[in-house]
>>> print(open('data18.tsv').read())   # TSV, C-alpha atoms
chain	number	residue	atom	x	y	z
A	1138	MET	CA	-23.59	15.25	11.20
A	1139	LEU	CA	-20.58	17.25	10.09
A	1140	MET	CA	-17.44	16.63	12.11
A	1141	LYS	CA	-13.98	18.01	12.77
A	1142	ILE	CA	-11.69	15.17	11.77
A	1143	LEU	CA	-8.01	15.15	12.72
A	1144	ILE	CA	-5.94	13.14	10.23
A	1145	ILE	CA	-2.56	12.04	11.60
A	1146	GLY	CA	0.39	10.46	9.78
A	1147	ASN	CA	4.15	10.14	10.12
A	1148	PHE	CA	4.62	11.88	6.76
A	1149	SER	CA	4.10	15.27	5.16
A	1150	PHE	CA	0.61	15.76	3.79
A	1151	LEU	CA	2.13	18.13	1.21
A	1152	GLU	CA	3.64	15.13	-0.58
A	1153	TYR	CA	2.18	12.31	-2.67
A	1154	GLY	CA	3.18	8.70	-3.22
A	1155	GLY	CA	2.20	5.47	-1.44
A	1156	ALA	CA	0.21	5.94	1.77
A	1157	LYS	CA	0.52	9.72	1.43
A	1158	THR	CA	-1.46	9.64	-1.82
A	1159	VAL	CA	-4.29	7.61	-0.29
A	1160	ALA	CA	-4.41	9.81	2.83
A	1161	ASN	CA	-4.57	12.99	0.76
A	1162	TYR	CA	-7.40	11.65	-1.39
A	1163	ILE	CA	-9.33	10.75	1.78
A	1164	ILE	CA	-8.76	14.25	3.19
A	1165	ASP	CA	-10.16	15.74	-0.02
A	1166	GLY	CA	-13.15	13.42	0.29
A	1167	TYR	CA	-13.83	14.55	3.87
A	1168	LYS	CA	-13.69	18.19	2.78
A	1169	ARG	CA	-15.99	17.67	-0.22
A	1170	ALA	CA	-18.54	16.08	2.13
A	1171	GLY	CA	-18.48	19.23	4.29
A	1172	HIS	CA	-16.36	17.95	7.17
A	1173	GLU	CA	-13.54	20.00	8.63
A	1174	ALA	CA	-10.28	18.15	7.97
A	1175	ASP	CA	-7.35	19.08	10.21
A	1176	VAL	CA	-3.97	17.42	9.55
A	1177	LEU	CA	-1.06	16.62	11.84
A	1178	SER	CA	2.27	15.33	10.54
A	1179	PHE	CA	3.73	13.33	13.37
A	1180	PRO	CA	7.51	13.51	13.87
A	1181	ARG	CA	9.41	10.31	13.18
A	1182	THR	CA	11.22	8.52	16.00
A	1183	THR	CA	14.81	8.13	14.79
A	1184	GLY	CA	18.26	7.21	16.11
A	1185	LYS	CA	20.18	4.07	17.05
A	1186	ILE	CA	18.35	3.57	20.35
A	1187	SER	CA	14.97	3.70	18.62
A	1188	ARG	CA	16.13	1.05	16.13
A	1189	ILE	CA	17.24	-1.26	18.93
A	1190	PHE	CA	13.99	-0.86	20.87
A	1191	SER	CA	11.79	-0.48	17.81
A	1192	GLN	CA	9.45	-3.33	18.72
A	1193	PHE	CA	8.81	-1.85	22.18
A	1194	LEU	CA	8.14	1.59	20.68
A	1195	ASP	CA	5.70	0.01	18.24
A	1196	VAL	CA	3.61	-0.78	21.29
A	1197	TYR	CA	4.25	2.22	23.54
A	1198	ASN	CA	6.15	5.43	22.77
A	1199	PRO	CA	5.85	7.68	25.85
A	1200	ALA	CA	7.23	10.87	24.28
A	1201	ALA	CA	4.97	10.54	21.25
A	1202	LEU	CA	1.93	9.82	23.40
A	1203	MET	CA	2.51	12.96	25.48
A	1204	PHE	CA	2.70	14.96	22.25
A	1205	LEU	CA	-0.51	13.37	20.96
A	1206	LYS	CA	-2.41	14.03	24.18
A	1207	ALA	CA	-1.42	17.72	24.06
A	1208	GLU	CA	-2.48	18.02	20.42
A	1209	ILE	CA	-5.86	16.42	21.07
A	1210	LYS	CA	-6.54	18.82	23.94
A	1211	LYS	CA	-5.52	21.78	21.79
A	1212	ARG	CA	-7.32	20.81	18.56
A	1213	ARG	CA	-10.42	19.16	20.13
A	1214	PRO	CA	-11.40	16.95	17.16
A	1215	ASP	CA	-14.68	15.04	16.93
A	1216	ALA	CA	-12.80	12.06	15.48
A	1217	VAL	CA	-9.25	11.03	14.62
A	1218	HIS	CA	-8.04	9.13	11.54
A	1219	LEU	CA	-4.57	7.61	11.96
A	1220	HIS	CA	-2.17	6.51	9.21
A	1221	ASN	CA	1.24	4.79	9.51
A	1222	ILE	CA	1.40	5.05	13.30
A	1223	HIS	CA	4.31	2.59	13.70
A	1224	LYS	CA	6.82	3.33	16.47
A	1225	ASP	CA	6.44	7.05	15.73
A	1226	LEU	CA	3.12	7.10	17.56
A	1227	SER	CA	2.68	3.50	18.79
A	1228	ALA	CA	-0.35	1.25	19.01
A	1229	TYR	CA	-1.16	2.59	22.48
A	1230	SER	CA	-2.30	5.80	20.79
A	1231	LEU	CA	-5.65	4.08	20.13
A	1232	LYS	CA	-5.97	3.19	23.80
A	1233	LEU	CA	-5.14	6.79	24.74
A	1234	LEU	CA	-7.78	8.18	22.37
A	1235	SER	CA	-10.31	5.73	23.80
A	1236	LYS	CA	-9.53	6.96	27.33
A	1237	MET	CA	-9.97	10.55	26.12
A	1238	LYS	CA	-13.33	9.50	24.61
A	1239	VAL	CA	-12.28	10.56	21.10
A	1240	PRO	CA	-13.58	8.24	18.34
A	1241	ALA	CA	-10.71	6.92	16.25
A	1242	ILE	CA	-10.15	4.93	13.09
A	1243	VAL	CA	-6.85	3.67	11.73
A	1244	THR	CA	-5.74	2.72	8.23
A	1245	LEU	CA	-3.01	0.07	8.08
A	1246	HIS	CA	-1.24	0.52	4.75
A	1247	GLU	CA	1.14	-2.40	5.27
A	1248	SER	CA	1.67	-5.44	7.53
A	1249	TRP	CA	3.21	-3.47	10.41
A	1250	ALA	CA	0.67	-4.73	12.97
A	1251	LEU	CA	1.61	-8.33	12.21
A	1252	CYS	CA	5.31	-8.08	11.50
A	1253	PRO	CA	8.10	-5.81	12.83
A	1254	GLY	CA	9.84	-5.94	9.45
A	1255	PHE	CA	6.58	-4.89	7.72
A	1256	ASN	CA	6.89	-7.78	5.23
A	1257	LEU	CA	5.20	-11.15	5.15
A	1258	GLU	CA	6.82	-13.85	3.03
A	1259	ASN	CA	6.45	-17.55	2.26
A	1260	GLY	CA	8.35	-19.88	4.55
A	1261	LYS	CA	10.04	-23.07	3.40
A	1262	ASP	CA	6.87	-24.95	4.33
A	1263	GLY	CA	4.84	-22.68	2.06
A	1264	LYS	CA	3.06	-20.96	4.94
A	1265	ILE	CA	3.02	-17.18	5.32
A	1266	ARG	CA	5.43	-15.96	7.95
A	1267	CYS	CA	6.93	-12.69	9.17
A	1268	ARG	CA	10.11	-11.67	7.35
A	1269	PRO	CA	12.91	-11.13	9.93
A	1270	PRO	CA	13.78	-7.50	10.80
A	1271	MET	CA	16.52	-5.86	8.76
A	1272	SER	CA	18.66	-4.90	11.77
A	1273	ARG	CA	20.41	-7.65	13.73
A	1274	TYR	CA	20.60	-5.26	16.70
A	1275	GLU	CA	16.83	-4.99	17.03
A	1276	ILE	CA	15.64	-6.58	20.27
A	1277	TRP	CA	12.85	-9.10	19.80
A	1278	PHE	CA	9.74	-8.41	21.89
A	1279	PRO	CA	7.59	-11.60	22.07
A	1280	LEU	CA	4.46	-9.77	23.28
A	1281	ARG	CA	4.63	-7.15	20.51
A	1282	ASN	CA	1.89	-8.47	18.22
A	1283	TRP	CA	-0.42	-9.44	21.10
A	1284	LEU	CA	-0.19	-5.96	22.66
A	1285	ILE	CA	-0.59	-4.21	19.32
A	1286	ARG	CA	-3.77	-6.20	18.70
A	1287	LYS	CA	-5.03	-5.33	22.19
A	1288	PHE	CA	-4.49	-1.58	21.67
A	1289	LEU	CA	-5.52	-1.35	18.01
A	1290	SER	CA	-8.76	-3.05	18.97
A	1291	CYS	CA	-9.65	0.13	20.89
A	1292	ALA	CA	-10.25	1.80	17.52
A	1293	ASP	CA	-13.78	2.10	16.23
A	1294	TYR	CA	-12.63	0.59	12.94
A	1295	ILE	CA	-9.38	-0.79	11.49
A	1296	PHE	CA	-9.15	-0.32	7.73
A	1297	VAL	CA	-6.97	-2.42	5.42
A	1298	PRO	CA	-6.59	-2.07	1.62
A	1299	SER	CA	-7.34	-5.64	0.52
A	1300	GLU	CA	-9.12	-8.86	1.38
A	1301	PHE	CA	-5.70	-10.52	1.65
A	1302	SER	CA	-4.78	-8.06	4.42
A	1303	ARG	CA	-8.11	-8.54	6.14
A	1304	GLN	CA	-7.74	-12.32	6.21
A	1305	GLN	CA	-4.24	-12.00	7.65
A	1306	MET	CA	-5.57	-9.74	10.41
A	1307	LEU	CA	-8.38	-12.19	11.18
A	1308	SER	CA	-5.86	-15.04	11.35
A	1309	TYR	CA	-4.23	-13.08	14.21
A	1310	SER	CA	-7.60	-13.00	16.04
A	1311	TYR	CA	-8.62	-9.45	15.19
A	1312	SER	CA	-12.37	-8.78	15.27
A	1313	ALA	CA	-14.13	-9.40	11.96
A	1314	GLU	CA	-16.57	-6.59	12.78
A	1315	LYS	CA	-13.78	-4.04	13.24
A	1316	VAL	CA	-11.41	-4.95	10.41
A	1317	ILE	CA	-12.82	-3.41	7.23
A	1318	LYS	CA	-11.51	-3.75	3.69
A	1319	ILE	CA	-11.50	-0.59	1.59
A	1320	TYR	CA	-9.53	-0.75	-1.63
A	1321	ASN	CA	-7.17	2.13	-2.37
A	1322	GLY	CA	-8.46	4.57	-4.95
A	1323	PHE	CA	-6.73	6.90	-7.38
A	1324	ASP	CA	-7.41	9.94	-9.54
A	1325	LEU	CA	-8.21	8.27	-12.84
A	1326	ASN	CA	-8.18	11.59	-14.66
A	1327	VAL	CA	-4.47	11.71	-13.80
A	1328	PHE	CA	-3.76	8.01	-14.26
A	1329	SER	CA	-5.39	7.71	-17.67
A	1330	PRO	CA	-4.41	5.94	-20.91
A	1331	VAL	CA	-3.33	7.35	-24.25
A	1332	GLN	CA	-4.19	5.84	-27.60
A	1333	LYS	CA	-1.47	3.52	-28.90
A	1334	PRO	CA	-1.26	1.71	-32.23
A	1335	VAL	CA	-1.70	-2.05	-31.92
A	1336	ILE	CA	1.45	-3.06	-33.76
A	1337	GLU	CA	4.42	-5.30	-33.17
A	1338	LYS	CA	7.47	-3.36	-31.94
A	1339	LYS	CA	11.19	-3.84	-32.40
A	1340	GLU	CA	11.86	-2.70	-28.84
A	1341	ILE	CA	9.70	-3.54	-25.84
A	1342	LYS	CA	9.81	-1.25	-22.80
A	1343	VAL	CA	9.29	-2.94	-19.43
A	1344	LEU	CA	8.58	-0.75	-16.41
A	1345	PHE	CA	9.19	-1.50	-12.72
A	1346	VAL	CA	7.93	0.95	-10.08
A	1347	GLY	CA	9.08	0.76	-6.46
A	1348	ARG	CA	12.20	0.26	-4.40
A	1349	PRO	CA	14.47	-1.90	-6.58
A	1350	THR	CA	15.42	-4.42	-3.88
A	1351	ALA	CA	15.79	-8.19	-3.91
A	1352	LYS	CA	12.59	-8.68	-1.90
A	1353	LYS	CA	10.69	-6.72	-4.56
A	1354	GLY	CA	11.95	-9.17	-7.17
A	1355	ILE	CA	14.20	-6.80	-9.09
A	1356	ASN	CA	16.99	-9.36	-9.49
A	1357	TRP	CA	14.52	-11.92	-10.82
A	1358	LEU	CA	13.23	-9.35	-13.30
A	1359	LYS	CA	16.70	-8.26	-14.45
A	1360	ASP	CA	17.82	-11.86	-14.93
A	1361	SER	CA	14.70	-12.70	-16.95
A	1362	ILE	CA	15.15	-9.71	-19.26
A	1363	ASN	CA	18.89	-10.38	-19.69
A	1364	ASP	CA	18.13	-13.97	-20.70
A	1365	LEU	CA	15.55	-12.82	-23.26
A	1366	ASN	CA	17.94	-10.27	-24.76
A	1367	LYS	CA	20.61	-12.95	-25.09
A	1368	GLU	CA	18.08	-14.94	-27.10
A	1369	GLY	CA	17.72	-12.11	-29.60
A	1370	LEU	CA	14.94	-9.94	-28.21
A	1371	ASN	CA	15.25	-6.20	-27.62
A	1372	ILE	CA	13.75	-5.46	-24.21
A	1373	SER	CA	14.65	-2.44	-22.11
A	1374	LEU	CA	13.94	-2.00	-18.40
A	1375	ASP	CA	13.01	1.30	-16.81
A	1376	ILE	CA	13.16	1.41	-13.01
A	1377	ILE	CA	11.27	4.16	-11.21
A	1378	GLY	CA	12.22	4.16	-7.54
A	1379	GLY	CA	15.28	4.28	-5.34
A	1380	GLU	CA	17.97	6.38	-7.05
A	1381	ASN	CA	15.69	6.80	-10.07
A	1382	SER	CA	12.72	8.30	-8.24
A	1383	VAL	CA	10.52	10.85	-9.97
A	1384	SER	CA	7.85	13.19	-8.64
A	1385	TYR	CA	4.39	11.68	-8.28
A	1386	ASP	CA	2.89	13.87	-11.00
A	1387	GLN	CA	5.47	12.53	-13.47
A	1388	LEU	CA	4.51	8.87	-12.92
A	1389	PRO	CA	1.66	8.75	-15.49
A	1390	TYR	CA	4.12	9.70	-18.24
A	1391	PHE	CA	6.30	6.65	-17.52
A	1392	TYR	CA	3.30	4.31	-17.33
A	1393	ARG	CA	2.06	5.55	-20.71
A	1394	GLU	CA	5.50	5.23	-22.34
A	1395	ALA	CA	5.94	1.60	-21.26
A	1396	ASP	CA	4.66	-1.52	-23.02
A	1397	MET	CA	4.14	-3.49	-19.82
A	1398	LEU	CA	4.46	-3.10	-16.06
A	1399	VAL	CA	6.14	-5.93	-14.13
A	1400	GLN	CA	5.94	-6.10	-10.32
A	1401	PRO	CA	7.47	-9.46	-9.32
A	1402	SER	CA	7.52	-9.00	-5.55
A	1403	LEU	CA	8.82	-11.86	-3.40
A	1404	VAL	CA	7.02	-10.56	-0.31
A	1405	HIS	CA	3.28	-10.30	0.27
A	1406	GLU	CA	2.09	-6.82	-0.70
A	1407	THR	CA	-0.98	-5.47	1.10
A	1408	PHE	CA	-2.23	-3.80	-2.09
A	1409	GLY	CA	0.18	-2.64	-4.78
A	1410	ASN	CA	-0.49	0.98	-5.71
A	1411	SER	CA	1.71	0.79	-8.78
A	1412	VAL	CA	-0.38	-2.10	-10.10
A	1413	ALA	CA	-3.61	-0.06	-9.93
A	1414	GLU	CA	-1.90	3.06	-11.28
A	1415	GLY	CA	-0.49	1.15	-14.25
A	1416	MET	CA	-3.88	-0.43	-14.94
A	1417	GLY	CA	-5.43	3.03	-14.81
A	1418	CYS	CA	-3.03	4.12	-17.55
A	1419	GLY	CA	-4.09	1.20	-19.72
A	1420	LEU	CA	-0.84	-0.69	-19.22
A	1421	PRO	CA	-0.77	-4.51	-19.24
A	1422	VAL	CA	0.55	-5.74	-15.89
A	1423	ILE	CA	2.46	-8.82	-14.73
A	1424	VAL	CA	2.63	-9.57	-10.99
A	1425	SER	CA	3.88	-12.39	-8.80
A	1426	ASP	CA	1.37	-14.53	-6.94
A	1427	MET	CA	2.09	-12.78	-3.64
A	1428	GLY	CA	-0.26	-11.00	-1.27
A	1429	ALA	CA	-2.96	-8.73	-2.65
A	1430	MET	CA	-1.45	-8.06	-6.08
A	1431	PRO	CA	-3.37	-10.86	-7.87
A	1432	GLU	CA	-6.49	-9.65	-6.05
A	1433	VAL	CA	-5.97	-6.13	-7.40
A	1434	LEU	CA	-5.17	-7.41	-10.90
A	1435	GLY	CA	-8.08	-9.85	-11.16
A	1436	ASN	CA	-8.42	-11.20	-14.70
A	1437	ALA	CA	-6.98	-8.03	-16.20
A	1438	GLY	CA	-3.34	-9.14	-16.17
A	1439	LEU	CA	-0.91	-12.02	-15.79
A	1440	VAL	CA	0.27	-13.72	-12.60
A	1441	VAL	CA	3.52	-15.67	-12.22
A	1442	ASN	CA	4.58	-18.21	-9.61
A	1443	PRO	CA	7.58	-16.90	-7.63
A	1444	SER	CA	8.77	-20.43	-6.93
A	1445	ASP	CA	9.12	-21.05	-10.69
A	1446	ARG	CA	12.04	-18.87	-11.73
A	1447	LYS	CA	11.39	-19.47	-15.45
A	1448	SER	CA	7.75	-18.37	-15.30
A	1449	LEU	CA	8.50	-14.63	-15.42
A	1450	LYS	CA	10.71	-14.97	-18.48
A	1451	LYS	CA	8.03	-16.95	-20.31
A	1452	VAL	CA	5.21	-14.50	-19.55
A	1453	ILE	CA	7.29	-11.44	-20.53
A	1454	LEU	CA	8.18	-13.19	-23.79
A	1455	ASP	CA	4.55	-14.08	-24.58
A	1456	LEU	CA	3.40	-10.51	-23.92
A	1457	ALA	CA	6.31	-8.96	-25.80
A	1458	LEU	CA	5.42	-10.93	-28.94
A	1459	ASP	CA	1.66	-10.27	-28.81
A	1460	ALA	CA	0.62	-6.64	-29.36
A	1461	ARG	CA	-3.07	-7.53	-29.44
A	1462	LYS	CA	-2.88	-9.23	-26.06
A	1463	ARG	CA	-1.10	-6.21	-24.58
A	1464	ASP	CA	-3.89	-4.01	-25.89
A	1465	GLU	CA	-6.64	-6.28	-24.58
A	1466	LEU	CA	-5.12	-6.54	-21.10
A	1467	GLY	CA	-4.52	-2.80	-20.97
A	1468	LYS	CA	-8.17	-2.07	-21.76
A	1469	ALA	CA	-9.35	-4.69	-19.25
A	1470	GLY	CA	-7.12	-3.16	-16.57
A	1471	ARG	CA	-8.48	0.32	-17.20
A	1472	GLU	CA	-12.05	-0.95	-16.99
A	1473	ARG	CA	-11.35	-2.79	-13.73
A	1474	THR	CA	-9.67	0.28	-12.22
A	1475	GLU	CA	-12.59	2.53	-13.14
A	1476	LYS	CA	-14.95	0.11	-11.42
A	1477	MET	CA	-12.96	-0.71	-8.28
A	1478	PHE	CA	-10.03	1.62	-7.64
A	1479	ASN	CA	-11.24	5.17	-8.20
A	1480	LYS	CA	-10.79	7.69	-5.41
A	1481	GLU	CA	-14.50	8.61	-5.33
A	1482	LYS	CA	-15.47	5.04	-4.47
A	1483	MET	CA	-12.77	4.83	-1.79
A	1484	CYS	CA	-13.75	8.14	-0.18
A	1485	GLY	CA	-17.41	7.15	-0.24
A	1486	GLU	CA	-16.60	4.01	1.75
A	1487	TYR	CA	-14.64	5.94	4.39
A	1488	LEU	CA	-17.42	8.54	4.67
A	1489	LYS	CA	-19.91	5.75	5.32
A	1490	TYR	CA	-17.99	4.70	8.42
A	1491	ILE	CA	-17.38	8.29	9.53
A	1492	GLU	CA	-21.17	8.68	9.44
A	1493	LYS	CA	-21.54	5.58	11.62
A	1494	ILE	CA	-19.12	7.09	14.14
A	1495	SER	CA	-21.04	10.38	14.20
A	1496	GLN	CA	-24.24	8.50	15.04
A	1497	LYS	CA	-22.75	6.76	18.07
A	1498	ASP	CA	-23.60	8.06	21.51
>>> encode(input="data18.tsv", output="structure tokens")
Amino acid sequence: MLMKILIIGNFSFLEYGGAKTVANYIIDGYKRAGHEADVLSFPRTTGKISRIFSQFLDVYNPAALMFLKAEIKKRRPDAVHLHNIHKDLSAYSLKLLSKMKVPAIVTLHESWALCPGFNLENGKDGKIRCRPPMSRYEIWFPLRNWLIRKFLSCADYIFVPSEFSRQQMLSYSYSAEKVIKIYNGFDLNVFSPVQKPVIEKKEIKVLFVGRPTAKKGINWLKDSINDLNKEGLNISLDIIGGENSVSYDQLPYFYREADMLVQPSLVHETFGNSVAEGMGCGLPVIVSDMGAMPEVLGNAGLVVNPSDRKSLKKVILDLALDARKRDELGKAGRERTEKMFNKEKMCGEYLKYIEKISQKD
């Protein structure tokens, strides 16, 4: 049965990058299948007060919920697909949609439901824990995660982009029947490789894509490259992100120009879009053993231990000196991406669950 699906996010659907890219590919998939896809960019909740009471707004945002209720009555969708609800819409939005008898699914692109700071990290005991919020003024709400689970569980399905994310959700007592893993997918005609000669190079170009912050491992990466250059190598580092951001359609150029992609995050990533994009461009990839990145990489790249500060330097060195290995890993990454992380496969999975919703009474 064809449906009118309302897709909601706290971002502009005219832009690409991160969750926006995935959401836009899904919208295209809905349209290609014959569904009517209506989009709603939800306004962000900003200001000092919202930062202080952020954890409460994650659960219940009265102004946003009034806005949502009015939009549902006006647009009259057959189903709703939510992205990045956060404090801008709040977890109670799923409870509201349930009361209004509107089927709803939600895609969690990060660890927001489990952690106010969005980031899971390793504690001193080695166990995964929630990274503390950035703002010291943020009021801690002990019932936050329990209430978010209660309200998100009103959704027909909760989608996450990796098995790592799914297992974390299950460890917080979410229903195994409702939490569904669907890997992110990308346009592999856009993120495609170019032919490169398999030769040793005098200069090796390392690429990092993302916000260049300490938690993303940028200091670890810079220190490793500086040490290697002091030892006589010639390695340059290109950073795409932060002050050096480029448009999404320019990204493939930088992947193709690099000799390797290094994403040494010190927090647990729920997927790692840049990893899959780089693999799609035939680029050998190095990641830290954190979150879903090794899961995305599989055997098509190299994984380093974040607790061993010398490991990154060693792996970069080995790859820099071995052109054949770079070529082999690049080809393996492309093959893995074609099989697992293409947008057609991702959209097909979402459509399967939309069909299940349409068949419910």
>>> atom_distance(input="data18.tsv", atom1="atom CA of Tyr1294 of chain A", atom2="atom CA of Tyr1385 of chain A")
29.4 Å
>>> closest_residue(input="data18.tsv", among="A:Ile1145, A:Ala1413, A:Ile1163, A:Leu1139", to="Ser1230 of chain A", atoms="all atoms listed in the file")
A:Ile1145
>>> residues_around(input="data18.tsv", residues="Ile1189 of chain A", least_positions_apart="2", cutoff="7 Å", atoms="all atoms listed in the file", output="short mmCIF file (atom, residue, chain, number, x, y, z; two decimals) with C-alpha atoms, in the frame of the given file")
data_model
loop_
_atom_site.label_atom_id
_atom_site.label_comp_id
_atom_site.auth_asym_id
_atom_site.auth_seq_id
_atom_site.Cartn_x
_atom_site.Cartn_y
_atom_site.Cartn_z
CA LYS A 1185 20.18 4.07 17.05
CA ILE A 1186 18.35 3.57 20.35
CA SER A 1187 14.97 3.70 18.62
CA SER A 1191 11.79 -0.48 17.81
CA TYR A 1274 20.60 -5.26 16.70
CA GLU A 1275 16.83 -4.99 17.03
CA ILE A 1276 15.64 -6.58 20.27
#
>>> closest_residue(input="data18.tsv", among="A:Met1140, A:Leu1398, A:Ala1228, A:Met1237", to="Lys1206 of chain A", atoms="all atoms listed in the file")
A:Met1237
>>> atom_distance(input="data18.tsv", atom1="atom CA of Asn1259 of chain A", atom2="atom CA of Gly1428 of chain A")
10.0 Å
>>> closest_residue(input="data18.tsv", among="A:Met1416, A:Gly1155, A:Ala1469, A:Leu1449", to="Arg1348 of chain A", atoms="all atoms listed in the file")
A:Gly1155
>>> residues_near_point(input="data18.tsv", point="(-15.1, -2.9, -13.8)", cutoff="12 Å", atoms="all atoms listed in the file", output="ChimeraX atom specification")
/A:1416-1417,1433-1437,1468-1479
>>> decode(input="data18.tsv", residues="segment 1410-1443 of chain A", atoms="C-alpha atoms", output="compact mmCIF listing (two decimals), in the first residue's frame")
# COMPACT_ATOMS: atom_id res chain seq x y z
CA ASN A 1410 30.10 7.80 7.49
CA SER A 1411 33.55 9.01 6.49
CA VAL A 1412 34.89 5.46 6.82
CA ALA A 1413 32.33 4.09 4.35
CA GLU A 1414 32.72 7.07 2.02
CA GLY A 1415 36.50 6.66 1.95
CA MET A 1416 36.17 2.93 1.31
CA GLY A 1417 33.76 3.71 -1.52
CA CYS A 1418 36.46 5.87 -3.11
CA GLY A 1419 38.94 3.00 -2.91
CA LEU A 1420 40.94 4.60 -0.11
CA PRO A 1421 42.73 2.43 2.49
CA VAL A 1422 41.37 3.26 5.94
CA ILE A 1423 42.78 3.18 9.48
CA VAL A 1424 40.37 3.42 12.42
CA SER A 1425 40.58 3.10 16.18
CA ASP A 1426 38.98 0.12 17.88
CA MET A 1427 36.02 2.19 19.06
CA GLY A 1428 32.32 1.68 18.50
CA ALA A 1429 31.07 0.64 15.07
CA MET A 1430 34.06 1.74 13.00
CA PRO A 1431 35.80 -1.69 13.05
CA GLU A 1432 32.41 -3.22 12.22
CA VAL A 1433 32.08 -0.96 9.18
CA LEU A 1434 35.68 -1.57 8.11
CA GLY A 1435 35.63 -5.36 8.50
CA ASN A 1436 38.77 -6.92 7.05
CA ALA A 1437 39.13 -4.14 4.48
CA GLY A 1438 41.32 -1.87 6.61
CA LEU A 1439 43.48 -1.53 9.70
CA VAL A 1440 42.38 -1.12 13.32
CA VAL A 1441 44.50 0.42 16.09
CA ASN A 1442 44.18 0.17 19.86
CA PRO A 1443 43.48 3.63 21.36
